[in-house]
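Asks: Got a structure for you, written out below as structure tokens; questions coming shortly.
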Amino acid sequence: MQPEVMEIRQHLSRFAPFDVLSDELLDTVAENMDAAYFKAGSDILTRDAPVTELYYIRSGAVDIFRRSGALHNRLEEGDIFGHFSLLRNHRAHFPAKAIEDTLVYLIPEALFERLCAEDEQFADFVELDQPRLKSVVEKHADDARMMTTRVRKLITRPAVLVDATLSVQEAARQITDAHASAALVLAEPDDNPRHNVLAENGEPRRLLGIVTDSDFRRSVVAEGRGCDTPIGAIVAEHAFTVQSDEILQDAMLAMLRNNVKHMPVLHRRRPIGILHISDIIRHQTHTGLYLADRIFSQPNAEALAKLLPDVRESFVRLVEEGASAEMIGAALSTIGRGFTRRLLELAEAELGPPPVPYAFMALGSMARNEQTIVTDQDNALVLDDDFDPAQHDEYFLEMARRVSDGLAACGYTYCTGGIMATNPRWRQPLATWKTYFRDWLDNPTPERLLHSSIFFDLDAVCGEEIFVTQLKELIATEAPRRPLFLAAMARNASNRTPPLGFFRNFVMEKDGKKNNTINVKRRGTAPMVDLIRVHALAAGSTAQNSYDRLNDISQTDLLPSGVSERIRYALEFISMVRIRHQAIALQRDQPPGNSVQPENISSAERHNLKDAFQLLSDAQKFLQFRYPIPASRR
Amino acid sequence: MQAFFRAFKITPAMPLEEAPLVALDIETTGLDPRRHSIISIGVVPFDLDRILFSQRRQWLLKPRFPLEPRSVVLHHITDADLADAPDLNEALGDVLQAMAGRLPVVHYRSIERAFLESAIRFRLGESLVFPMIDTMELEARVHRQPLSARIRRWLGGGQLSLRLQDCRARYGLPGYPPHHAVIDALATAELFQAQIATRLGREARVGELWC
């Protein structure tokens, strides 16, 4: 590599999709690009202008517009544009305008094509939105994260380089000034060129070793040596090094084999940073533990509540293991159902056998098997038609109260909308439940259904499963024949819209407004689940899980071909972002929630979230078109 | 040398947007052409639309005088690096060819002009004065104070610095590591594009800017 392009190369290597490139390709990009400056307010690409290169934003900010003139995206440092046109007709499909003074690097088309041809991940990234999301989700499913992460990805700052003749005091000062905890010690070059590295000035030096904070304690203070001891005297010679494009796993093995905690990272022969084993561990996977069995051995509600930390721990481990959102949702729902069932068992043990048969019904996310660590309880009781309130309701109220309080103690907060079996309205015989559903189906208005959509995700947790199955079949038979009902559900499913994307530390709304946080449930997973539910109802599916519903939907022609797959990837991706941020909060001892600050969203995550939001937005528009309000009722 | 001037078709009346330009940076061992020498030259051709970094050239040159420790620290170029470097005599033809037909743009012309002219006089026995655009001078002009006052203030650590990095920062341009000739040339080209886009306008005549 030519040393003068080092700085440009480093910049590129921090941003997707360049972060995945091999060092050789990265060098080629840095060496072969041009540059151009655009002042704030000037056009970079006008509509249909010829496009012959990939644009990389080195500094500044750029707005991308739709053909309609609406804002399509706001890009910032490290973002690219123009790839859409390069892959198609070489005309600017979306105009681009600098909204701040902007410096762009221009990567020639021939090189862009070479990157696409030689690096699959790069090609996936610049491909149209959906394949990119698909590849991201599939990659995650493969859990090849560890296998493909390169060492340089963990290098966040340059190594502090000190000369062996420097005093320990001066070396300590330089380490402190750099806010580092270690430095590489360089000495006069050796006859054996293999021992030598290239210093910042390109001069060959011998890499003597690493000094870390603890060396100053162990080899200076504890030994009573003076501040003017040369740093070279306290370095243990033998520096094992690792190349910046080596795979993380190999680097970790090398560290374990050599029993070292720090390793100098070289790019070719140039030291670029220091890798610490804890950096790797942060990326590493763990083995999980399974909790459901333990739930059934707990003797009482208090003991169950004590499992909360274990639930949280197993959630975090599942995330770290690289489990998919679908798997995590199923695991967490199994745990939630386990708690519910055990609480019912304990209630029956104390209250005696139920006076009439019942089904304890889960609603919402538990019914869909899509729970996360942040969830409230939504449940109901479906009782046998022999239920006589005067005789039996005392029993079922007490049962419901025990389950509800027990769940609350286990971290499943009470439903603020009162959708719980403790509410007499939702503790009714099967016949009454059938009346409820018929009423929703026959007399739908968006307002009436607004708080009822949760009842269309239902599943038996315990007791007479057949009661709930009958309700599911009622819905599956009737809903497809009720265009007004579907139209009302479709209308409600579009109430909560996704944002446009992200810009720096803000959430960009479609009208150009900026927000500081985004509720990924309300603006992402929930509306996605809502729209899947509408299609599933139209398809006559009895499935409750969103992914199962998508399978059923794809058997029909309700959605254009391929769309249900794309929705699946988008749901999986947004769910994973939500789950991952909940796991991060737990690891930091913060209460997990559904809100995410843009500064906590990585560059690659932003690109994919933006795609997923776009897909959600398009799918919501399609919903209005697919389930219009019937003309006679307008 | 004659070829160089034959290729130079730029007239004072030419609008800047039509002018082929070349950013030039010369790294030296010191400020005085009589005592110090050129150790590297970086050249990046460009115009107002595009900076052809991909067509950059850089030469490391063997100095006439031994390196001073201070310049080694500054440029990270050591005697060892320059042991196999060509003499300026050998490279000068290439340098002039790379610049041929283009108007040089430099940051702080005194250095580039003095060293280049002195080198040409010394090696080719010809005296050469060619027009240059100086982004530092333009920056000073933009801030409407005599250059001398600006430079005095700059040297005295005043508020408005005319150093390349500080000028760039005012246009939102990123910080580049200094003292690599070809990166400084790139930095100068970017700064010039920014000055034109922001303040001077593409229609300005070459003759208004060069000196």
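So you can find residues: chains in the structure tokens are A, B, ... in the order shown, residues in each start at 1, and ligands are numbered from 1 in order.
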Quick one: which residues from chain A are at most 8 Å off chain B, using only C-alpha atoms, as a VMD selection string?

Replies: chain A and resid 4 to 5 7 31 to 39 58 to 60 101 to 103 200 to 203

Asks: For the residues in the current selection, export C-alpha atoms as a PDB file, in the first residue's frame.

Replies:
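Output (part_39.pdb):
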ATOM      1  CA  GLU A   4      -0.042   8.425   1.761  1.00  0.00           C
ATOM      2  CA  VAL A   5      -3.465   6.875   1.226  1.00  0.00           C
ATOM      3  CA  GLU A   7      -5.766   7.976   6.141  1.00  0.00           C
ATOM      4  CA  GLU A  31      -5.596   4.520  -4.363  1.00  0.00           C
ATOM      5  CA  ASN A  32      -7.985   4.906  -7.264  1.00  0.00           C
ATOM      6  CA  MET A  33     -10.626   7.317  -6.149  1.00  0.00           C
ATOM      7  CA  ASP A  34     -11.138  10.960  -7.079  1.00  0.00           C
ATOM      8  CA  ALA A  35     -12.685  13.713  -4.998  1.00  0.00           C
ATOM      9  CA  ALA A  36     -15.078  16.644  -5.356  1.00  0.00           C
ATOM     10  CA  TYR A  37     -16.443  19.360  -3.101  1.00  0.00           C
ATOM     11  CA  PHE A  38     -20.032  20.564  -3.013  1.00  0.00           C
ATOM     12  CA  LYS A  39     -21.139  23.516  -0.990  1.00  0.00           C
ATOM     13  CA  ARG A  58     -16.223  11.777   3.274  1.00  0.00           C
ATOM     14  CA  SER A  59     -17.692  14.708   5.169  1.00  0.00           C
ATOM     15  CA  GLY A  60     -20.939  16.642   5.157  1.00  0.00           C
ATOM     16  CA  ASP A 101     -20.673  21.563   2.736  1.00  0.00           C
ATOM     17  CA  THR A 102     -19.782  18.119   1.489  1.00  0.00           C
ATOM     18  CA  LEU A 103     -16.662  16.354   0.306  1.00  0.00           C
ATOM     19  CA  GLU A 200       5.012   5.785  11.034  1.00  0.00           C
ATOM     20  CA  ASN A 201       7.720   7.314   8.891  1.00  0.00           C
ATOM     21  CA  GLY A 202       8.161   4.138   6.908  1.00  0.00           C
ATOM     22  CA  GLU A 203      11.491   3.375   8.523  1.00  0.00           C
TER      23      GLU A 203
END

Asks: List as a list in words the protein and nucleic acid residues near A:Val311, meaning an atom at most 9 Å away when only C-alpha atoms are counted, but skip any in the same chain fewer than 4 places from it.

Replies: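 Once the nearby chain positions are removed, what remains is Leu291, Leu307, Phe315, Val316, Leu332, Ile335 and Ile373 of chain A.
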
Asks: Could those selected residues go to a file with C-alpha atoms, as a short mmCIF file (atom, residue, chain, number, x, y, z; two decimals), in the first residue's frame?

Replies:
data_model
loop_
_atom_site.label_atom_id
_atom_site.label_comp_id
_atom_site.auth_asym_id
_atom_site.auth_seq_id
_atom_site.Cartn_x
_atom_site.Cartn_y
_atom_site.Cartn_z
CA LEU A 291 -34.92 -22.45 31.78
CA LEU A 307 -36.27 -16.83 38.53
CA PHE A 315 -32.39 -13.97 27.13
CA VAL A 316 -29.06 -12.16 26.96
CA LEU A 332 -39.32 -16.44 25.75
CA ILE A 335 -40.87 -19.47 29.44
CA ILE A 373 -37.98 -9.60 27.74
#

Asks: Could you tell me how far atom CA of A:Leu471 sits from atom CA of A:Pro483, in Å to one decimal place?

Replies: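 Between these atoms lies a distance of 19.5 Å.
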
Asks: Grab the atom CA of A:Ile518 to atom CA of A:Ser333 distance for me, in Å with one decimal place.

Replies: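 For atom CA of A:Ile518 relative to atom CA of A:Ser333, the distance reads 24.7 Å.
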
Asks: Using only C-alpha atoms, determine which residues lie at most 7 Å from A:Lys610, disregarding the query and same-chain residues fewer than 4 positions distant; provide the list as a list in words.

Replies: Leu500, Gly501, Arg606 and Gln614 of chain A

Asks: Just give me the gap between atom CA of A:Ala301 and atom CA of A:Asn594 in Å, one decimal is fine.

Replies: 27.4 Å

Asks: Please return as a PyMOL selection string: the residues of stretch 75-195 of chain B that backbone DSSP assigns to strand (DSSP E).

Replies: chain B and resi 103-106+133-134

Asks: What's the 7 Å shell around A:Leu86, counting only C-alpha atoms, without same-chain residues fewer than 3 positions away, as JSON, numbers by chain?

Replies: {"A": [51, 52, 82, 83, 89, 90]}

Asks: Ranking A:Val534, A:Val382, A:Ala539, A:Ala30 by minimum distance to A:Pro429 and counting only C-alpha atoms, which one comes first?

Replies: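 Nearest candidate to A:Pro429 out of A:Val534, A:Val382, A:Ala539, A:Ala30: A:Val382.
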
Asks: Can you list, as a list in words, every protein, DNA or RNA residue that comes within 7 Å of stretch 107-113 of chain B when you count only C-alpha atoms, leaving out same-chain residues fewer than 5 positions away?

Replies: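 With the cut-off at 7 Å, the set is Asp25, Ile26, Leu31, Asp134, Thr135, Met136, Leu164 and Thr188 of chain B.
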
Asks: Put those residues in a file: N, CA and C atoms, as a PDB file, in the first residue's frame.

Replies:
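Listing of selection19.pdb after writing:
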ATOM      1  N   ASP B  25       2.287  20.441  -4.073  1.00  0.00           N
ATOM      2  CA  ASP B  25       2.844  20.651  -2.730  1.00  0.00           C
ATOM      3  C   ASP B  25       4.277  20.165  -2.715  1.00  0.00           C
ATOM      4  N   ILE B  26       5.114  20.993  -2.141  1.00  0.00           N
ATOM      5  CA  ILE B  26       6.542  20.650  -2.054  1.00  0.00           C
ATOM      6  C   ILE B  26       6.931  20.591  -0.596  1.00  0.00           C
ATOM      7  N   LEU B  31      12.969  26.499   5.166  1.00  0.00           N
ATOM      8  CA  LEU B  31      12.258  27.561   4.451  1.00  0.00           C
ATOM      9  C   LEU B  31      13.126  28.272   3.411  1.00  0.00           C
ATOM     10  N   ASP B 134      -2.781  30.861  -5.138  1.00  0.00           N
ATOM     11  CA  ASP B 134      -2.384  30.553  -3.758  1.00  0.00           C
ATOM     12  C   ASP B 134      -3.640  30.544  -2.878  1.00  0.00           C
ATOM     13  N   THR B 135      -3.999  29.364  -2.391  1.00  0.00           N
ATOM     14  CA  THR B 135      -5.231  29.277  -1.588  1.00  0.00           C
ATOM     15  C   THR B 135      -5.098  30.043  -0.276  1.00  0.00           C
ATOM     16  N   MET B 136      -3.892  30.203   0.208  1.00  0.00           N
ATOM     17  CA  MET B 136      -3.734  30.970   1.455  1.00  0.00           C
ATOM     18  C   MET B 136      -4.014  32.439   1.201  1.00  0.00           C
ATOM     19  N   LEU B 164      -3.200  25.441   6.404  1.00  0.00           N
ATOM     20  CA  LEU B 164      -4.028  24.652   5.494  1.00  0.00           C
ATOM     21  C   LEU B 164      -5.159  23.950   6.249  1.00  0.00           C
ATOM     22  N   THR B 188      -5.134  20.796  -0.703  1.00  0.00           N
ATOM     23  CA  THR B 188      -5.153  22.124  -1.311  1.00  0.00           C
ATOM     24  C   THR B 188      -6.212  22.188  -2.416  1.00  0.00           C
TER      25      THR B 188
END

Asks: Near stretch 119-131 of chain B, within 12 Å and counting only C-alpha atoms, which residues show up once chain neighbours fewer than 3 positions away are dropped, as an NGL selection string?

Replies: :B and (1-2 or 4-5 or 8 or 10-12 or 21-22 or 26 or 28 or 32-39 or 63-64 or 87-93 or 95-96 or 99-106 or 109 or 111-116 or 134 or 206-211)

Asks: DSSP on the backbone: which residues in stretch 458-544 of chain A end up as helix (DSSP H, G or I)? Give the answer as an NGL selection string.

Replies: :A and (465-481 or 483-493 or 521-539)

Asks: With only C-alpha atoms as the counted atoms, please give the residues lying no more than 7 Å from A:Glu370, apart from itself and same-chain residues fewer than 4 positions off, as an NGL selection string.

Replies: :A and (329-330 or 333 or 365-366)

Asks: Export N, CA and C atoms of the chosen residues as an mmCIF file, in the first residue's frame?

Replies:
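For reference, selection07.cif as written:
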data_model
loop_
_atom_site.group_PDB
_atom_site.id
_atom_site.type_symbol
_atom_site.label_atom_id
_atom_site.label_comp_id
_atom_site.auth_asym_id
_atom_site.auth_seq_id
_atom_site.Cartn_x
_atom_site.Cartn_y
_atom_site.Cartn_z
ATOM 1 N N GLY A 329 -38.149 -15.337 20.337
ATOM 2 C CA GLY A 329 -39.573 -15.153 20.637
ATOM 3 C C GLY A 329 -40.202 -16.453 21.108
ATOM 4 N N ALA A 330 -39.829 -17.554 20.460
ATOM 5 C CA ALA A 330 -40.380 -18.852 20.845
ATOM 6 C C ALA A 330 -39.876 -19.252 22.226
ATOM 7 N N SER A 333 -41.514 -17.085 24.907
ATOM 8 C CA SER A 333 -42.927 -17.423 25.059
ATOM 9 C C SER A 333 -43.076 -18.758 25.793
ATOM 10 N N SER A 365 -48.642 -11.139 22.149
ATOM 11 C CA SER A 365 -47.329 -11.691 21.793
ATOM 12 C C SER A 365 -47.122 -13.113 22.309
ATOM 13 N N MET A 366 -47.663 -13.435 23.480
ATOM 14 C CA MET A 366 -47.480 -14.809 23.967
ATOM 15 C C MET A 366 -48.214 -15.790 23.058
#

Asks: Between A:Asn492, A:Thr542, A:Thr477, A:Gln428, which is the closest to A:Pro446 once you count only C-alpha atoms?

Replies: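 Between A:Asn492, A:Thr542, A:Thr477, A:Gln428, the residue approaching A:Pro446 most closely is A:Asn492.
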
Asks: Of the candidates A:Gln597, A:Asn423, A:Gln2, A:Gln555, which one gets nearest to B:Arg57 if we count only C-alpha atoms?

Replies: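 Looking at the shortest contact to B:Arg57, the residue is A:Gln2.
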